[in-house]
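Visitor: The file below is upload_2.cif, mmCIF, C-alpha atoms:
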data_model
#
loop_
_atom_site.group_PDB
_atom_site.id
_atom_site.type_symbol
_atom_site.label_atom_id
_atom_site.label_comp_id
_atom_site.auth_asym_id
_atom_site.auth_seq_id
_atom_site.Cartn_x
_atom_site.Cartn_y
_atom_site.Cartn_z
ATOM 1 C CA GLN A 1 0.079 26.186 -22.102
ATOM 2 C CA VAL A 2 -2.548 23.596 -21.274
ATOM 3 C CA GLN A 3 -2.176 21.970 -17.868
ATOM 4 C CA LEU A 4 -4.193 19.153 -16.362
ATOM 5 C CA VAL A 5 -3.737 18.336 -12.691
ATOM 6 C CA GLU A 6 -5.339 15.176 -11.367
ATOM 7 C CA SER A 7 -5.961 14.590 -7.679
ATOM 8 C CA GLY A 8 -7.992 12.483 -5.288
ATOM 9 C CA GLY A 9 -6.294 9.141 -5.662
ATOM 10 C CA GLY A 10 -5.209 6.981 -2.768
ATOM 11 C CA LEU A 11 -5.272 3.582 -1.145
ATOM 12 C CA VAL A 12 -8.712 2.066 -0.607
ATOM 13 C CA GLN A 13 -10.067 -1.365 0.216
ATOM 14 C CA ALA A 14 -12.059 -3.313 -2.308
ATOM 15 C CA GLY A 15 -15.640 -2.112 -2.325
ATOM 16 C CA GLY A 16 -14.657 1.390 -1.360
ATOM 17 C CA SER A 17 -15.063 4.680 -3.191
ATOM 18 C CA LEU A 18 -12.921 7.542 -4.402
ATOM 19 C CA THR A 19 -13.616 10.721 -6.312
ATOM 20 C CA LEU A 20 -10.946 11.953 -8.678
ATOM 21 C CA SER A 21 -10.698 15.581 -9.755
ATOM 22 C CA CYS A 22 -9.031 17.130 -12.773
ATOM 23 C CA ALA A 23 -8.222 20.826 -12.718
ATOM 24 C CA VAL A 24 -7.695 22.281 -16.175
ATOM 25 C CA SER A 25 -5.904 25.501 -17.025
ATOM 26 C CA GLY A 26 -4.792 27.089 -20.284
ATOM 27 C CA ALA A 27 -7.886 25.944 -22.191
ATOM 28 C CA MET A 28 -11.635 25.910 -21.589
ATOM 29 C CA ILE A 29 -13.346 22.572 -21.298
ATOM 30 C CA ARG A 30 -16.787 24.017 -22.059
ATOM 31 C CA THR A 31 -16.944 23.038 -25.733
ATOM 32 C CA ASN A 32 -14.754 19.974 -25.501
ATOM 33 C CA THR A 33 -15.181 16.273 -24.914
ATOM 34 C CA MET A 34 -13.184 15.274 -21.844
ATOM 35 C CA GLU A 35 -11.865 11.846 -20.956
ATOM 36 C CA TRP A 36 -10.447 9.838 -18.079
ATOM 37 C CA TYR A 37 -7.794 7.209 -18.764
ATOM 38 C CA ARG A 38 -5.915 4.780 -16.564
ATOM 39 C CA GLN A 39 -2.646 2.943 -16.868
ATOM 40 C CA ALA A 40 -1.699 -0.045 -14.777
ATOM 41 C CA PRO A 41 1.941 -1.134 -14.446
ATOM 42 C CA GLY A 42 3.108 -2.919 -17.563
ATOM 43 C CA LYS A 43 -0.074 -2.147 -19.461
ATOM 44 C CA GLN A 44 -1.132 0.362 -22.076
ATOM 45 C CA ARG A 45 -3.139 3.419 -21.183
ATOM 46 C CA GLU A 46 -6.840 2.580 -21.267
ATOM 47 C CA LEU A 47 -9.796 4.876 -21.913
ATOM 48 C CA VAL A 48 -12.150 4.635 -18.935
ATOM 49 C CA ALA A 49 -14.802 7.302 -19.406
ATOM 50 C CA THR A 50 -15.793 10.095 -21.767
ATOM 51 C CA ILE A 51 -18.100 13.048 -21.343
ATOM 52 C CA THR A 52 -19.165 15.205 -24.252
ATOM 53 C CA SER A 53 -19.633 18.971 -24.196
ATOM 54 C CA VAL A 54 -23.351 18.451 -23.609
ATOM 55 C CA GLY A 55 -22.751 15.972 -20.815
ATOM 56 C CA GLY A 56 -23.318 12.638 -22.532
ATOM 57 C CA PRO A 57 -21.209 9.998 -20.759
ATOM 58 C CA ASN A 58 -19.688 6.797 -22.053
ATOM 59 C CA TYR A 59 -17.779 4.146 -20.127
ATOM 60 C CA THR A 60 -15.632 1.158 -20.811
ATOM 61 C CA ASP A 61 -17.532 -2.019 -20.003
ATOM 62 C CA SER A 62 -15.455 -2.886 -16.951
ATOM 63 C CA VAL A 63 -16.534 0.259 -15.057
ATOM 64 C CA LYS A 64 -20.141 0.649 -16.206
ATOM 65 C CA GLY A 65 -22.477 0.986 -13.252
ATOM 66 C CA ARG A 66 -19.594 1.746 -10.875
ATOM 67 C CA PHE A 67 -17.934 4.915 -12.211
ATOM 68 C CA THR A 68 -19.533 8.273 -12.999
ATOM 69 C CA ILE A 69 -17.863 11.006 -15.006
ATOM 70 C CA SER A 70 -19.008 14.592 -14.595
ATOM 71 C CA ARG A 71 -17.903 18.099 -15.424
ATOM 72 C CA ASP A 72 -18.181 21.618 -14.032
ATOM 73 C CA ASN A 73 -17.621 24.003 -16.909
ATOM 74 C CA ALA A 74 -17.732 27.052 -14.655
ATOM 75 C CA LYS A 75 -14.845 25.694 -12.599
ATOM 76 C CA ASN A 76 -13.079 24.107 -15.588
ATOM 77 C CA MET A 77 -13.014 20.804 -13.707
ATOM 78 C CA VAL A 78 -13.720 17.176 -14.581
ATOM 79 C CA TYR A 79 -14.504 14.481 -12.014
ATOM 80 C CA LEU A 80 -14.604 10.708 -11.804
ATOM 81 C CA GLN A 81 -16.675 9.175 -9.022
ATOM 82 C CA MET A 82 -15.569 5.592 -8.479
ATOM 83 C CA ASN A 83 -17.665 3.199 -6.416
ATOM 84 C CA SER A 84 -17.416 -0.517 -5.668
ATOM 85 C CA LEU A 85 -13.723 -0.412 -6.436
ATOM 86 C CA LYS A 86 -11.938 -3.627 -7.340
ATOM 87 C CA PRO A 87 -8.248 -4.548 -7.188
ATOM 88 C CA GLU A 88 -8.199 -4.528 -10.993
ATOM 89 C CA ASP A 89 -9.025 -0.804 -10.888
ATOM 90 C CA THR A 90 -5.542 -0.190 -9.493
ATOM 91 C CA ALA A 91 -3.777 2.198 -11.868
ATOM 92 C CA ALA A 92 -2.616 5.741 -12.404
ATOM 93 C CA TYR A 93 -5.577 7.809 -13.601
ATOM 94 C CA PHE A 94 -5.286 10.671 -16.077
ATOM 95 C CA CYS A 95 -7.698 13.144 -17.601
ATOM 96 C CA ASN A 96 -7.375 14.921 -20.920
ATOM 97 C CA PHE A 97 -9.208 16.597 -23.729
ATOM 98 C CA LEU A 98 -10.224 14.065 -26.378
ATOM 99 C CA VAL A 99 -8.428 16.092 -29.059
ATOM 100 C CA TYR A 100 -5.200 16.326 -27.067
ATOM 101 C CA ALA A 101 -5.267 12.705 -25.967
ATOM 102 C CA ARG A 102 -5.467 11.607 -29.591
ATOM 103 C CA ALA A 103 -2.488 13.872 -30.365
ATOM 104 C CA GLY A 104 -0.496 12.564 -27.420
ATOM 105 C CA ARG A 105 -0.244 15.997 -25.846
ATOM 106 C CA TYR A 106 -0.641 17.644 -22.462
ATOM 107 C CA TRP A 107 -0.757 14.569 -20.253
ATOM 108 C CA GLY A 108 -0.557 15.443 -16.566
ATOM 109 C CA GLN A 109 1.148 13.508 -13.790
ATOM 110 C CA GLY A 110 -1.934 11.469 -13.025
ATOM 111 C CA THR A 111 -3.200 10.332 -9.654
ATOM 112 C CA GLN A 112 -2.544 6.856 -8.295
ATOM 113 C CA VAL A 113 -5.428 4.644 -7.228
ATOM 114 C CA THR A 114 -4.575 1.477 -5.346
ATOM 115 C CA VAL A 115 -7.317 -0.959 -4.367
ATOM 116 C CA SER A 116 -6.410 -3.634 -1.863
ATOM 117 C CA SER A 117 -8.223 -6.953 -1.682
#
Could I get this file's structure written as structure tokens?
Guide:
Amino acid sequence: QVQLVESGGGLVQAGGSLTLSCAVSGAMIRTNTMEWYRQAPGKQRELVATITSVGGPNYTDSVKGRFTISRDNAKNMVYLQMNSLKPEDTAAYFCNFLVYARAGRYWGQGTQVTVSS
């Protein structure tokens, strides 16, 4: 059974930083594209960042230059470094495999990020 456990969220002032972690079990991330999503109250889940199996990152325009996605295949972990946080970044953040996200499977509980102005 694939499990994804997100952590590292919290309450931070605008301009602050947080690093989110995603611990994966039940499947190896090594050959997979991994993604971070977020969902704000009353809104649809939004793709934030993607990292391919060879490390190539992509970001949604609203976080480019502020967020950095990374991976540690040996630890089966995915990370999201978030800098210069804005109140509009407030959301629950989730990680997933690209293939499972598209299939609507194996979503974890997420980690809440709240940015105060």
Visitor: Which is closer to Gly65 of chain A than all the others in A:Met77, A:Val24, A:Ile51, A:Met82, using only C-alpha atoms?
Guide: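 Comparing A:Met77, A:Val24, A:Ile51, A:Met82 against Gly65 of chain A, the winner is A:Met82.
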Visitor: Can you pull out the residues contacting Gly15 of chain A? Cut-off 8 Å, using all atoms listed in the file, and skip same-chain residues under 3 positions away; I want them as a PyMOL selection string.
Guide: chain A and resi 83-86
Visitor: Do you know which residues the PyMOL selection byres ((chain A and resi 14) around 12) returns on this file, as a list in words?
Guide: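 Applying the PyMOL selection byres ((chain A and resi 14) around 12) to the structure shown produces Leu11, Val12, Gln13, Gly15, Gly16, Ser17, Leu18, Met82, Asn83, Ser84, Leu85, Lys86, Pro87, Glu88, Asp89, Thr90, Val113, Thr114, Val115, Ser116 and Ser117 of chain A.
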Visitor: At a cut-off of 6 Å around the point (-9.8, 14.4, -8.8) (file coordinates), what residues fall inside when counting all atoms listed in the file? I'd like the answer as a list in words.
Guide: Glu6, Ser7, Gly8, Thr19, Leu20, Ser21, Cys22 and Tyr79 of chain A
Visitor: Could you tell me, as an NGL selection string, exactly which residues end up selected when the PyMOL selection byres ((chain A and resi 67) around 8) is applied to this structure?
Guide: :A and (59 or 63-66 or 68-69 or 80-83)
Visitor: As a ChimeraX atom specification, please: the residues near Val99 of chain A (cut-off 8 Å, only C-alpha atoms, same-chain neighbours under 3 positions excluded).
Guide: /A:33,102-103
Visitor: Atoms to include: C-alpha atoms. Write the selected residues as a PDB file, keeping the file's coordinate frame.
Guide:
ATOM      1  CA  THR A  33     -15.181  16.273 -24.914  1.00  0.00           C
ATOM      2  CA  ARG A 102      -5.467  11.607 -29.591  1.00  0.00           C
ATOM      3  CA  ALA A 103      -2.488  13.872 -30.365  1.00  0.00           C
TER       4      ALA A 103
END
Visitor: What gap, in Å, lies between atom CA of Val54 of chain A and atom CA of Ala91 of chain A?
Guide: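 If I compute the distance from atom CA of Val54 of chain A to atom CA of Ala91 of chain A, I get 28.0 Å.
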Visitor: Between atom CA of Thr50 of chain A and atom CA of Gly104 of chain A, what is the distance in Å, rounded to a tenth?
Guide: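 Here the two named atoms are 16.5 Å from each other.
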Visitor: Measuring atom to atom with all atoms listed in the file, identify which of A:Gln39, A:Glu46, A:Ala27, A:Gly9 is nearest to Tyr106 of chain A.
Guide: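 Of A:Gln39, A:Glu46, A:Ala27, A:Gly9, the one nearest Tyr106 of chain A, counting all atoms listed in the file, is A:Ala27.
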Visitor: Take atom CA of Pro41 of chain A and atom CA of Ser62 of chain A and report the distance between them in Å, one decimal.
Guide: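 Spanning atom CA of Pro41 of chain A to atom CA of Ser62 of chain A is a straight-line distance of 17.7 Å.
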Visitor: Which residue, A:Val48, A:Phe97, A:Asn58, A:Gly110, has the smallest gap to Asn32 of chain A when you use only C-alpha atoms?
Guide: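 Smallest distance to Asn32 of chain A is found for A:Phe97.
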Visitor: List the spatial neighbours of Val2 of chain A as a ChimeraX atom specification - criterion: any atom at most 12 Å away, all atoms listed in the file, same-chain residues fewer than 2 positions off excluded.
Guide: /A:4-5,23-29,76,96-97,100,105-108
